Every structure is written in structure tokens, then in C-alpha cells.
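Peer 1: One structure coming up, written as C-alpha cells, with questions to follow.
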Amino acid sequence: MRVVLLSPAYPAEMINFSRGLAEVGATVYGVGDTPRDQLPPNVKRYLADYLTVPRILDEVDVMNRVSDWLRGRYIDRVLTVWEPLVMLAARLRERWGVPGMNVETARGFRDKEVMKQRVRAAGLRVPRSRRVRTAAEVRATAEEIGYPLILKPIAGAGCADTYHVTSQQELEKVLPRLRGVPEASCEEYIEGDELTYDTVCIRGEPVMENITQYLPKPLEARTNEWISPIAISIRDMSQPKLAGGIALGRAVLKALNMDDGFTHMEWYLTKNGEAVFGEIACRPGGAGLVDQMNYTYDADLFREWARVVCWGHFEAPRERKYNVGIVFKRAQGFGHITRIEGLVDWLRMCGSCVVEDKLLRPGMHRRDWRQTQTSDGHVMVRHPDFEETLRMCQAAATQIRMYAQ
Ligand SMILES: Nc1ncnc2c1ncn2[C@@H]1O[C@H](COP(=O)(O)OP(=O)(O)O)[C@@H](O)[C@H]1O
Ligand SMILES: [Mg+2]
């Protein structure tokens, strides 16, 4: 099993997927723009070979270089778990005739309007929306859809350039900020809780399903620095309030013709219990979500993903044992972390429920909370009871305080 893995070392979360592939017996050829001598040793040891390209996002250039490099070697899979490379992986598959998701299918997971059209065509509940390219188109669409609405890039990620607009006056203020965005979605705003529906699929059929709830919704968390964003992987998937989201998720996978691997969908649960589609990607959720799911099942989904994409088997435990909550912290002030308050008490309170403490420590430089979901680090807890997990997460959010100078 010879596998080309695009960007095996960046972002850092990719590293475990290289390990997973090697552990299920794949020969892994890495391609990335990290120079070979800067590859972390915990990636290098899993790669049979590695090609450094100058710009991993330059699709034509990468395709030509990789084709030259691999000439004469037969390749069974082209894989990536990083969103910006999903289309490139599909293009390489088509060029070389390798099995897996093709370009047309991948477009349904990347282009937010194509995605919504396909999901809508399957009769599923999707926010009303339109593709917009000019200020005039935005104004016309806003008239049609009404307020409040959402404006966001067609190929967005991490809430970048995403605006919740509640009136025409606000729209006029937001429009100049969207000048750098060539194409946007103008969308009906859905009031409600925001959750995910994550899967590992074999030929589009989920062999693992997981739901996490965001607290608060990502757009709010991304707009207010003082918030400590929480996400909780929910142990009990059989509770009635989640049934609509699971049914929606399964139907979306069919509508978009999912193949093998991870999917990460976001959906809204409205006050009257309706599940509304948000977006979906054909890769795992970031910001520690795979680790959270691993702690939920006591599984190694990095390896099981690899087993699925290489061999079409999945061998992780099926029993959901824990709710798993992650809390991201943001320090007050700029520069380097100077002190952390409340951590010792919090750790004592949660005891063995704490599975990770990856907060930055004094002396380390703050991360840019607008650029990275992980902010200044996180803590993670797990417990069989949801309310108890939530309580520990809320305590971390309010009682742990980080300062920087
Ligand atoms: N139609 C909508 N209604 C309500 N909130 C939305 C809507 N679209 C986006 N959002 C908010 O903006 C965030 C980012 O939008 P999303 O479509 O998930 O793009 P991204 O690729 O940046 O994650 C969502 O997580 C949600 O909080
Ligand atoms: Mg999103």
C-alpha cells in the first residue's frame, strides 16, 4: 500500500496521521513545504520518502513536481487531512487514476454554495443563501433574505471574514471589510445551539459517529477575546434532541457522495428542535477534536482512519464511555505569559478527570487568538456524566486566569 500524504507535518495535528498510516503498514510518501531538515523526528520516522515543494498551495506546481518525483512508482492512495489541500489531493487522484474522492465530489465539501445546493436538493434543511461577488449583489441578496444574516467567504475556515449582520446600516459598515474576499455566501442567520456531527466513513457509510457541542457558537467565541471557548463531545448519542442532527448528517453524507475517511459537519439546533445544516468538510475537525473523540471511546482514531482509507476496515471500540470537554484559554495582556491563576485549584477539583493540560506556561509567547482556535492552550476533562463535564469546563473557563505582559 503506497500512499502519498500531502502536508504530513503541518499543521502539527497532521503528525499523528502519518503515524497511523505507518502503523497499518502503508508506505508513506510525504509532500510538503516544510524543508526536509526541519521535519520533526516524530514525522520523519514514519515517512518512506519526502518531497519538499516551494509552495504547497500552488496546485499546478505541486502536481508537476510530485508527478516527476514519483514517475515509475505505483501509488495506491493520495491523502490529506488538511482542508486547503482537499482539492489538490482530488486532482492528483484524477491525474494518476488513483481510487478515492474525485474533483467534482470534493467540490461539494469545499465550495460552500455548491455544498448547500447539493444538500438542499436532497430535501434537507439548509439556510437560504446565495453566492455573491459584488457589493451590489450583497445588497440585493440581503433584501431578499432579510436580516439578521451572515456574510462569509465561499472557501472560508475558522470564522475568517465572517460577519453576523443585523441591519442595513451594519451591512454598509461590513461591506468595505469584505473587499479582499472574491466570493462570499450571503446566508439566512440561524438562531440556536451549534453542534458538530463527525464521522469516519467507509464508502460513505459511517463506522464512527460523534457529536460535540460548542459553547458558545464559534462566531461568538472568535469575536470576543474574553471568552474561553468550550467544546464537549457528547457521550449519549441516543438522546432525542440529537436525533435530528444525526439523521441530517447521514443524509448529507449521501447527498454529497462521501467516500472513505473523516467528515466534520457543523449544524444548528433551533429552539423548536429543528436541525439545520451549517457546513461540512471531508477531513477531521481540528483543534483537538480527534483527541477528544479518542478520549470519548478510548480509541486511536488516527490509526483507525488510516486502516479505513488503506484497507477498508475499522477496528476501534464502539462503546462511548465519556463526555469529553475541551476549554481553550486566552491570556489577558500582550507578549509573554507571566502567570496562571486558579489552575492548581482547578486541577485539584477535577482530579483524575483531567486528561490534558496544554496551557502555555509562564515565559512562553502568547498565540494570536484570532488566528488559531487553540489560543493560549487548553485543558481537557472527561466524565461519564454530561452535567459534571460541563461543570468542570465552566469552572476552567471562569476560574483559570492567564496573564501576559
Ligand atoms: N447561517 C448561519 N447562521 C448562524 N450562524 C452562522 C451561519 N453561518 C455561519 N455562522 C457562524 O459563523 C461560524 C463560521 O461559519 P462556518 O460556515 O462554519 O465557516 P468556517 O469555515 O469559517 O468555519 C459558524 O461556526 C457559526 O458560528
Ligand atoms: Mg465552521
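Identifiers in this document derive from the order of the C-alpha cells: chains are assigned A, B, ..., residues are numbered from 1 separately in each chain, and ligands are numbered from 1 in order of occurrence.
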Please find the residues contacting ligand 1 at a distance of at most 10 Å between atoms, with only C-alpha atoms and all ligand atoms counted, and report them as a VMD selection string.

Peer 2: chain A and resid 83 110 112 126 to 129 148 to 164 185 to 196 214 216 to 222 265 to 268 276 to 281

Peer 1: Those same residues - C-alpha atoms - I'd like them written as a PDB file, in the first residue's frame.

Peer 2:
ATOM      1  CA  GLU A  83      -8.642  21.407   4.401  1.00  0.00           C
ATOM      2  CA  ARG A 110     -15.112  22.767  -0.279  1.00  0.00           C
ATOM      3  CA  LYS A 112     -19.963  26.383   0.457  1.00  0.00           C
ATOM      4  CA  VAL A 126     -30.274  24.462   4.715  1.00  0.00           C
ATOM      5  CA  PRO A 127     -30.172  28.219   5.427  1.00  0.00           C
ATOM      6  CA  ARG A 128     -31.398  30.278   2.491  1.00  0.00           C
ATOM      7  CA  SER A 129     -28.305  31.655   0.765  1.00  0.00           C
ATOM      8  CA  PRO A 148     -30.212  39.018  10.515  1.00  0.00           C
ATOM      9  CA  LEU A 149     -27.868  37.413   8.011  1.00  0.00           C
ATOM     10  CA  ILE A 150     -24.373  36.000   7.722  1.00  0.00           C
ATOM     11  CA  LEU A 151     -21.730  37.046   5.238  1.00  0.00           C
ATOM     12  CA  LYS A 152     -18.772  34.690   4.861  1.00  0.00           C
ATOM     13  CA  PRO A 153     -16.190  33.625   2.273  1.00  0.00           C
ATOM     14  CA  ILE A 154     -17.125  30.761  -0.060  1.00  0.00           C
ATOM     15  CA  ALA A 155     -13.973  28.858   0.886  1.00  0.00           C
ATOM     16  CA  GLY A 156     -13.696  30.066   4.464  1.00  0.00           C
ATOM     17  CA  ALA A 157     -12.261  28.438   7.554  1.00  0.00           C
ATOM     18  CA  GLY A 158     -12.030  29.304  11.208  1.00  0.00           C
ATOM     19  CA  CYS A 159     -14.615  32.110  11.016  1.00  0.00           C
ATOM     20  CA  ALA A 160     -12.226  34.283   8.964  1.00  0.00           C
ATOM     21  CA  ASP A 161     -14.029  37.305   7.405  1.00  0.00           C
ATOM     22  CA  THR A 162     -17.357  36.051   8.752  1.00  0.00           C
ATOM     23  CA  TYR A 163     -19.937  38.637   9.842  1.00  0.00           C
ATOM     24  CA  HIS A 164     -23.279  38.469  11.611  1.00  0.00           C
ATOM     25  CA  SER A 185     -22.014  33.413   0.821  1.00  0.00           C
ATOM     26  CA  CYS A 186     -24.853  35.633   1.948  1.00  0.00           C
ATOM     27  CA  GLU A 187     -26.960  33.499   4.237  1.00  0.00           C
ATOM     28  CA  GLU A 188     -30.001  33.471   6.490  1.00  0.00           C
ATOM     29  CA  TYR A 189     -28.865  33.653  10.129  1.00  0.00           C
ATOM     30  CA  ILE A 190     -29.910  30.584  12.132  1.00  0.00           C
ATOM     31  CA  GLU A 191     -30.592  31.208  15.800  1.00  0.00           C
ATOM     32  CA  GLY A 192     -29.746  28.232  18.008  1.00  0.00           C
ATOM     33  CA  ASP A 193     -27.116  25.979  19.539  1.00  0.00           C
ATOM     34  CA  GLU A 194     -24.264  24.945  17.324  1.00  0.00           C
ATOM     35  CA  LEU A 195     -23.019  21.369  17.244  1.00  0.00           C
ATOM     36  CA  THR A 196     -20.863  19.131  15.120  1.00  0.00           C
ATOM     37  CA  TYR A 214     -19.792  24.310  21.008  1.00  0.00           C
ATOM     38  CA  PRO A 216     -20.709  29.441  22.783  1.00  0.00           C
ATOM     39  CA  LYS A 217     -21.070  29.218  18.991  1.00  0.00           C
ATOM     40  CA  PRO A 218     -17.734  29.610  17.193  1.00  0.00           C
ATOM     41  CA  LEU A 219     -18.509  33.004  15.674  1.00  0.00           C
ATOM     42  CA  GLU A 220     -19.156  34.489  19.121  1.00  0.00           C
ATOM     43  CA  ALA A 221     -16.065  32.811  20.551  1.00  0.00           C
ATOM     44  CA  ARG A 222     -13.996  34.183  17.693  1.00  0.00           C
ATOM     45  CA  MET A 265     -20.110  18.746   9.825  1.00  0.00           C
ATOM     46  CA  GLU A 266     -21.483  21.708  11.761  1.00  0.00           C
ATOM     47  CA  TRP A 267     -25.213  22.128  12.343  1.00  0.00           C
ATOM     48  CA  TYR A 268     -27.635  24.248  14.313  1.00  0.00           C
ATOM     49  CA  VAL A 276     -30.309  22.941  10.273  1.00  0.00           C
ATOM     50  CA  PHE A 277     -27.250  22.306   8.098  1.00  0.00           C
ATOM     51  CA  GLY A 278     -24.215  24.540   8.631  1.00  0.00           C
ATOM     52  CA  GLU A 279     -21.248  23.215   6.677  1.00  0.00           C
ATOM     53  CA  ILE A 280     -19.269  20.036   6.134  1.00  0.00           C
ATOM     54  CA  ALA A 281     -15.685  19.104   5.332  1.00  0.00           C
TER      55      ALA A 281
END

Peer 1: Show which residues sit within 9 Å of Arg235 of chain A, as a VMD selection string. Count only C-alpha atoms, and ignore same-chain residues fewer than 3 positions away.

Peer 2: chain A and resid 210 to 212 238 296 to 297 320 to 324 384 to 386

Peer 1: Let me make sure I understand: among A:Glu137, A:Asp58, A:Arg401, A:Thr105, which one has the smallest atom-to-atom distance to Arg118 of chain A if we use only C-alpha atoms?

Peer 2: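 For Arg118 of chain A, the nearest of the given residues is A:Thr105.
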
Peer 1: As a PyMOL selection string, which residues of segment 213-405 of chain A does DSSP assign to strand (DSSP E or B)?

Peer 2: chain A and resi 213-215+230-233+261-269+275-281+323-328+332+336-341+354-357+365+378-383+401-404

Peer 1: Please produce a file of the residues just selected, as a short mmCIF file (atom, residue, chain, number, x, y, z; two decimals), in the first residue's frame, where the atoms kept are N, CA and C atoms.

Peer 2:
data_model
loop_
_atom_site.label_atom_id
_atom_site.label_comp_id
_atom_site.auth_asym_id
_atom_site.auth_seq_id
_atom_site.Cartn_x
_atom_site.Cartn_y
_atom_site.Cartn_z
N GLN A 213 -20.76 19.65 21.15
CA GLN A 213 -21.48 20.92 21.24
C GLN A 213 -20.47 22.03 21.52
N TYR A 214 -20.63 23.13 20.77
CA TYR A 214 -19.79 24.31 21.01
C TYR A 214 -20.48 25.23 22.02
N LEU A 215 -19.71 25.78 22.93
CA LEU A 215 -20.23 26.75 23.88
C LEU A 215 -19.26 27.92 24.02
N ILE A 230 -15.50 26.54 24.70
CA ILE A 230 -15.63 25.16 25.17
C ILE A 230 -16.22 24.31 24.03
N ALA A 231 -15.76 23.07 23.92
CA ALA A 231 -16.44 22.11 23.05
C ALA A 231 -16.55 20.81 23.82
N ILE A 232 -17.74 20.23 23.85
CA ILE A 232 -17.92 18.98 24.60
C ILE A 232 -18.40 17.87 23.66
N SER A 233 -17.61 16.81 23.60
CA SER A 233 -18.01 15.61 22.87
C SER A 233 -19.04 14.89 23.74
N GLY A 261 -13.04 7.96 4.90
CA GLY A 261 -12.29 8.88 5.75
C GLY A 261 -13.15 9.68 6.70
N PHE A 262 -12.54 10.73 7.25
CA PHE A 262 -13.21 11.58 8.22
C PHE A 262 -14.15 12.57 7.55
N THR A 263 -15.25 12.91 8.24
CA THR A 263 -16.02 14.12 7.87
C THR A 263 -16.24 14.93 9.14
N HIS A 264 -16.43 16.22 8.95
CA HIS A 264 -16.66 17.14 10.06
C HIS A 264 -17.76 18.11 9.62
N MET A 265 -18.97 17.90 10.19
CA MET A 265 -20.11 18.75 9.83
C MET A 265 -20.46 19.64 11.01
N GLU A 266 -20.95 20.84 10.71
CA GLU A 266 -21.48 21.71 11.76
C GLU A 266 -22.96 21.94 11.48
N TRP A 267 -23.78 21.96 12.53
CA TRP A 267 -25.21 22.13 12.34
C TRP A 267 -25.78 22.92 13.51
N TYR A 268 -26.97 23.44 13.29
CA TYR A 268 -27.63 24.25 14.31
C TYR A 268 -28.84 23.49 14.84
N LEU A 269 -29.05 23.61 16.14
CA LEU A 269 -30.24 23.05 16.76
C LEU A 269 -31.08 24.22 17.24
N ALA A 275 -33.09 20.59 13.23
CA ALA A 275 -31.67 20.53 12.90
C ALA A 275 -31.45 21.21 11.55
N VAL A 276 -30.56 22.19 11.50
CA VAL A 276 -30.31 22.94 10.27
C VAL A 276 -28.85 22.77 9.88
N PHE A 277 -28.60 22.52 8.61
CA PHE A 277 -27.25 22.31 8.10
C PHE A 277 -26.41 23.57 8.21
N GLY A 278 -25.15 23.41 8.61
CA GLY A 278 -24.21 24.54 8.63
C GLY A 278 -23.17 24.41 7.53
N GLU A 279 -22.25 23.49 7.70
CA GLU A 279 -21.25 23.22 6.68
C GLU A 279 -20.65 21.85 6.94
N ILE A 280 -19.93 21.34 5.94
CA ILE A 280 -19.27 20.04 6.13
C ILE A 280 -17.94 20.03 5.40
N ALA A 281 -16.99 19.29 5.96
CA ALA A 281 -15.68 19.10 5.33
C ALA A 281 -15.38 17.62 5.30
N ASN A 323 -18.14 11.76 28.21
CA ASN A 323 -18.23 13.10 27.64
C ASN A 323 -16.82 13.68 27.77
N VAL A 324 -16.37 14.38 26.74
CA VAL A 324 -15.02 14.95 26.81
C VAL A 324 -15.10 16.43 26.49
N GLY A 325 -14.69 17.25 27.44
CA GLY A 325 -14.77 18.69 27.24
C GLY A 325 -13.39 19.30 27.08
N ILE A 326 -13.27 20.22 26.12
CA ILE A 326 -12.01 20.96 25.94
C ILE A 326 -12.31 22.44 26.19
N VAL A 327 -11.42 23.09 26.89
CA VAL A 327 -11.59 24.52 27.17
C VAL A 327 -10.32 25.25 26.72
N PHE A 328 -10.51 26.21 25.81
CA PHE A 328 -9.37 26.99 25.32
C PHE A 328 -9.26 28.27 26.13
N GLN A 332 -4.83 37.49 29.41
CA GLN A 332 -5.08 38.94 29.36
C GLN A 332 -3.73 39.63 29.22
N HIS A 336 4.44 37.86 26.57
CA HIS A 336 4.71 36.55 27.16
C HIS A 336 3.81 36.27 28.35
N ILE A 337 3.48 35.00 28.53
CA ILE A 337 2.67 34.60 29.69
C ILE A 337 3.50 34.89 30.95
N THR A 338 2.86 35.56 31.91
CA THR A 338 3.58 35.87 33.15
C THR A 338 3.10 34.98 34.30
N ARG A 339 1.79 34.74 34.38
CA ARG A 339 1.33 33.87 35.45
C ARG A 339 -0.04 33.25 35.13
N ILE A 340 -0.34 32.17 35.81
CA ILE A 340 -1.63 31.49 35.67
C ILE A 340 -2.25 31.40 37.06
N GLU A 341 -3.46 31.88 37.19
CA GLU A 341 -4.16 31.81 38.49
C GLU A 341 -5.26 30.76 38.41
N VAL A 354 -9.10 15.05 34.59
CA VAL A 354 -8.29 15.85 33.65
C VAL A 354 -7.46 14.91 32.79
N VAL A 355 -7.64 15.02 31.46
CA VAL A 355 -6.84 14.16 30.58
C VAL A 355 -5.74 14.94 29.86
N GLU A 356 -5.88 16.26 29.76
CA GLU A 356 -4.81 17.06 29.16
C GLU A 356 -4.75 18.43 29.81
N ASP A 357 -3.53 18.90 30.04
CA ASP A 357 -3.31 20.29 30.43
C ASP A 357 -2.22 20.81 29.51
N HIS A 365 5.46 32.71 24.65
CA HIS A 365 4.79 33.83 23.98
C HIS A 365 3.34 33.49 23.70
N HIS A 378 -4.98 24.72 26.11
CA HIS A 378 -6.27 24.17 26.54
C HIS A 378 -6.10 23.21 27.70
N VAL A 379 -7.23 22.93 28.35
CA VAL A 379 -7.32 21.80 29.28
C VAL A 379 -8.46 20.92 28.78
N MET A 380 -8.37 19.63 29.09
CA MET A 380 -9.40 18.70 28.64
C MET A 380 -9.79 17.79 29.81
N VAL A 381 -11.09 17.58 29.96
CA VAL A 381 -11.59 16.71 31.03
C VAL A 381 -12.55 15.68 30.45
N ARG A 382 -12.74 14.58 31.17
CA ARG A 382 -13.76 13.64 30.72
C ARG A 382 -14.48 13.04 31.93
N HIS A 383 -15.75 12.72 31.69
CA HIS A 383 -16.59 12.17 32.76
C HIS A 383 -17.80 11.50 32.09
N ARG A 401 -7.24 31.80 35.17
CA ARG A 401 -6.95 33.09 34.52
C ARG A 401 -5.47 33.14 34.15
N MET A 402 -5.23 33.51 32.89
CA MET A 402 -3.85 33.62 32.43
C MET A 402 -3.54 35.08 32.16
N TYR A 403 -2.32 35.48 32.47
CA TYR A 403 -1.91 36.87 32.26
C TYR A 403 -0.63 36.91 31.42
N ALA A 404 -0.52 37.97 30.63
CA ALA A 404 0.66 38.13 29.79
C ALA A 404 1.14 39.58 29.84
#

Peer 1: Which neighbours of segment 300-315 of chain A fall inside 9 Å, counting only C-alpha atoms, when residues of the same chain fewer than 4 positions from it are skipped, and could you give them as number ranges by chain?

Peer 2: A: 1, 3, 16-26, 76-77, 79, 100, 200-203, 207-208, 260-262, 290-291, 293-295

Peer 1: Go ahead and write the selection's residues with N, CA and C atoms as an mmCIF file, in the first residue's frame.

Peer 2:
data_model
loop_
_atom_site.group_PDB
_atom_site.id
_atom_site.type_symbol
_atom_site.label_atom_id
_atom_site.label_comp_id
_atom_site.auth_asym_id
_atom_site.auth_seq_id
_atom_site.Cartn_x
_atom_site.Cartn_y
_atom_site.Cartn_z
ATOM 1 N N MET A 1 0.854 -1.199 0.000
ATOM 2 C CA MET A 1 0.000 0.000 0.000
ATOM 3 C C MET A 1 0.888 1.246 0.000
ATOM 4 N N VAL A 3 1.221 5.209 -0.297
ATOM 5 C CA VAL A 3 0.349 6.339 -0.033
ATOM 6 C C VAL A 3 1.114 7.648 -0.177
ATOM 7 N N ASN A 16 0.099 12.864 13.731
ATOM 8 C CA ASN A 16 -0.425 11.571 14.153
ATOM 9 C C ASN A 16 -1.001 10.747 13.011
ATOM 10 N N PHE A 17 -1.415 11.427 11.948
ATOM 11 C CA PHE A 17 -1.966 10.671 10.819
ATOM 12 C C PHE A 17 -0.852 9.937 10.065
ATOM 13 N N SER A 18 0.339 10.534 10.014
ATOM 14 C CA SER A 18 1.480 9.832 9.406
ATOM 15 C C SER A 18 1.771 8.572 10.209
ATOM 16 N N ARG A 19 1.744 8.736 11.523
ATOM 17 C CA ARG A 19 1.973 7.571 12.388
ATOM 18 C C ARG A 19 0.925 6.494 12.121
ATOM 19 N N GLY A 20 -0.346 6.916 12.069
ATOM 20 C CA GLY A 20 -1.424 5.953 11.846
ATOM 21 C C GLY A 20 -1.195 5.167 10.566
ATOM 22 N N LEU A 21 -0.822 5.869 9.502
ATOM 23 C CA LEU A 21 -0.613 5.195 8.219
ATOM 24 C C LEU A 21 0.517 4.177 8.313
ATOM 25 N N ALA A 22 1.613 4.604 8.934
ATOM 26 C CA ALA A 22 2.748 3.682 9.050
ATOM 27 C C ALA A 22 2.348 2.466 9.892
ATOM 28 N N GLU A 23 1.565 2.692 10.923
ATOM 29 C CA GLU A 23 1.189 1.587 11.817
ATOM 30 C C GLU A 23 0.282 0.553 11.162
ATOM 31 N N VAL A 24 -0.471 0.978 10.135
ATOM 32 C CA VAL A 24 -1.291 -0.042 9.466
ATOM 33 C C VAL A 24 -0.580 -0.609 8.233
ATOM 34 N N GLY A 25 0.695 -0.316 8.126
ATOM 35 C CA GLY A 25 1.502 -0.972 7.106
ATOM 36 C C GLY A 25 1.638 -0.239 5.785
ATOM 37 N N ALA A 26 1.242 1.037 5.741
ATOM 38 C CA ALA A 26 1.383 1.789 4.490
ATOM 39 C C ALA A 26 2.819 2.298 4.338
ATOM 40 N N ASP A 76 -1.141 3.919 -4.595
ATOM 41 C CA ASP A 76 -2.485 3.382 -4.329
ATOM 42 C C ASP A 76 -3.449 4.423 -3.774
ATOM 43 N N ARG A 77 -2.930 5.418 -3.025
ATOM 44 C CA ARG A 77 -3.807 6.407 -2.395
ATOM 45 C C ARG A 77 -3.135 7.782 -2.406
ATOM 46 N N LEU A 79 -3.718 11.145 -0.119
ATOM 47 C CA LEU A 79 -4.476 11.527 1.079
ATOM 48 C C LEU A 79 -4.054 12.885 1.611
ATOM 49 N N GLY A 100 -10.497 6.854 -4.902
ATOM 50 C CA GLY A 100 -10.774 7.848 -3.864
ATOM 51 C C GLY A 100 -11.617 8.975 -4.429
ATOM 52 N N VAL A 200 -16.215 8.822 10.795
ATOM 53 C CA VAL A 200 -15.279 8.125 9.915
ATOM 54 C C VAL A 200 -16.164 7.246 9.044
ATOM 55 N N CYS A 201 -15.956 7.338 7.738
ATOM 56 C CA CYS A 201 -16.811 6.607 6.790
ATOM 57 C C CYS A 201 -16.022 5.581 5.983
ATOM 58 N N ILE A 202 -16.717 4.512 5.645
ATOM 59 C CA ILE A 202 -16.208 3.594 4.626
ATOM 60 C C ILE A 202 -17.203 3.630 3.473
ATOM 61 N N ARG A 203 -16.738 4.042 2.319
ATOM 62 C CA ARG A 203 -17.599 4.267 1.152
ATOM 63 C C ARG A 203 -18.890 5.011 1.520
ATOM 64 N N VAL A 207 -18.823 4.515 10.105
ATOM 65 C CA VAL A 207 -18.494 3.433 11.041
ATOM 66 C C VAL A 207 -18.218 4.024 12.423
ATOM 67 N N MET A 208 -18.102 5.353 12.501
ATOM 68 C CA MET A 208 -17.957 6.055 13.776
ATOM 69 C C MET A 208 -18.716 7.358 13.625
ATOM 70 N N ASP A 260 -14.272 7.503 1.531
ATOM 71 C CA ASP A 260 -13.643 6.988 2.753
ATOM 72 C C ASP A 260 -13.043 8.122 3.571
ATOM 73 N N GLY A 261 -13.040 7.962 4.895
ATOM 74 C CA GLY A 261 -12.287 8.881 5.746
ATOM 75 C C GLY A 261 -13.146 9.676 6.702
ATOM 76 N N PHE A 262 -12.538 10.728 7.247
ATOM 77 C CA PHE A 262 -13.211 11.581 8.219
ATOM 78 C C PHE A 262 -14.149 12.574 7.549
ATOM 79 N N VAL A 290 -10.034 15.313 17.236
ATOM 80 C CA VAL A 290 -9.768 13.868 17.123
ATOM 81 C C VAL A 290 -9.321 13.318 18.481
ATOM 82 N N ASP A 291 -8.521 14.086 19.202
ATOM 83 C CA ASP A 291 -8.127 13.644 20.547
ATOM 84 C C ASP A 291 -9.357 13.516 21.437
ATOM 85 N N MET A 293 -12.383 12.829 20.562
ATOM 86 C CA MET A 293 -13.124 11.618 20.189
ATOM 87 C C MET A 293 -12.378 10.384 20.691
ATOM 88 N N ASN A 294 -11.047 10.423 20.623
ATOM 89 C CA ASN A 294 -10.264 9.303 21.150
ATOM 90 C C ASN A 294 -10.518 9.094 22.639
ATOM 91 N N TYR A 295 -10.593 10.191 23.377
ATOM 92 C CA TYR A 295 -10.867 10.074 24.819
ATOM 93 C C TYR A 295 -12.311 9.625 25.069
#

Peer 1: With a distance cut-off of 9 Å and only C-alpha atoms, select the neighbouring residues of Glu225 of chain A, excluding the residue or stretch itself and same-chain residues fewer than 6 positions from it, and output the selection as JSON, numbers by chain.

Peer 2: {"A": [330, 331, 332, 369, 370]}

Peer 1: Can you tell me which residues surround Pro176 of chain A at a distance of at most 9 Å, considering only C-alpha atoms, apart from same-chain residues fewer than 4 positions away, and format the answer as a count of residues only?

Peer 2: 3

Peer 1: Report as a PyMOL selection string all protein, DNA and RNA residues lying within 7 Å of Ala396 of chain A, evaluated on only C-alpha atoms, omitting residues in the same chain fewer than 4 positions from it.

Peer 2: chain A and resi 327+346+392+400

Peer 1: Rank nothing, just name the residue among A:Tyr197, A:Ala255, A:Pro362, A:Arg73 nearest to ligand 2, using only C-alpha atoms and all ligand atoms.

Peer 2: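 Result for the nearest residue to ligand 2: A:Tyr197.
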
Peer 1: Run DSSP on the backbone and grab whatever in segment 86-296 of chain A lands in alpha helix (DSSP H); send it over as an MDAnalysis selection string.

Peer 2: chainID A and resid 86:96 103:110 112:121 135:145 168:174 218:223 240:255 289:296

Peer 1: Work out how far apart atom CA of Leu39 of chain A and atom CA of Ala9 of chain A are and give it in Å to one decimal.

Peer 2: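 Value for the atom CA of Leu39 of chain A-atom CA of Ala9 of chain A distance: 6.8 Å.
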
Peer 1: Please determine, counting only C-alpha atoms and all ligand atoms, which residue among A:Thr134, A:Gly285, A:Gln399, A:Lys358 has the shortest atom-to-atom distance to ligand 2.

Peer 2: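 Nearest candidate to ligand 2 out of A:Thr134, A:Gly285, A:Gln399, A:Lys358: A:Gly285.
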
Peer 1: Looking at A:Val31, A:Met101, A:Val114, A:Ala287, which one is nearest to ligand 2, with distances taken over only C-alpha atoms and all ligand atoms?

Peer 2: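 Among the listed residues, the smallest separation from ligand 2 belongs to A:Ala287.
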
Peer 1: Kindly give the distance, in Å, that separates atom CA of Leu253 of chain A and atom CA of Pro99 of chain A, rounded to a single decimal.

Peer 2: 18.4 Å

Peer 1: What separation in Å, quoted to one decimal, exists between atom CA of Glu113 of chain A and atom CA of Trp96 of chain A?

Peer 2: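 Distance between the two atoms: 28.3 Å.
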
Peer 1: For Leu256 of chain A, which residue out of A:Asp111, A:Glu183, A:Asp37, A:Glu13 is the nearest one, using only C-alpha atoms?

Peer 2: A:Asp111

Peer 1: Hey, which of A:Thr199, A:Gln373, A:Ser228, A:Asn102 ends up closest to ligand 2? Count only C-alpha atoms and all ligand atoms.

Peer 2: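 Between A:Thr199, A:Gln373, A:Ser228, A:Asn102, the residue approaching ligand 2 most closely is A:Gln373.
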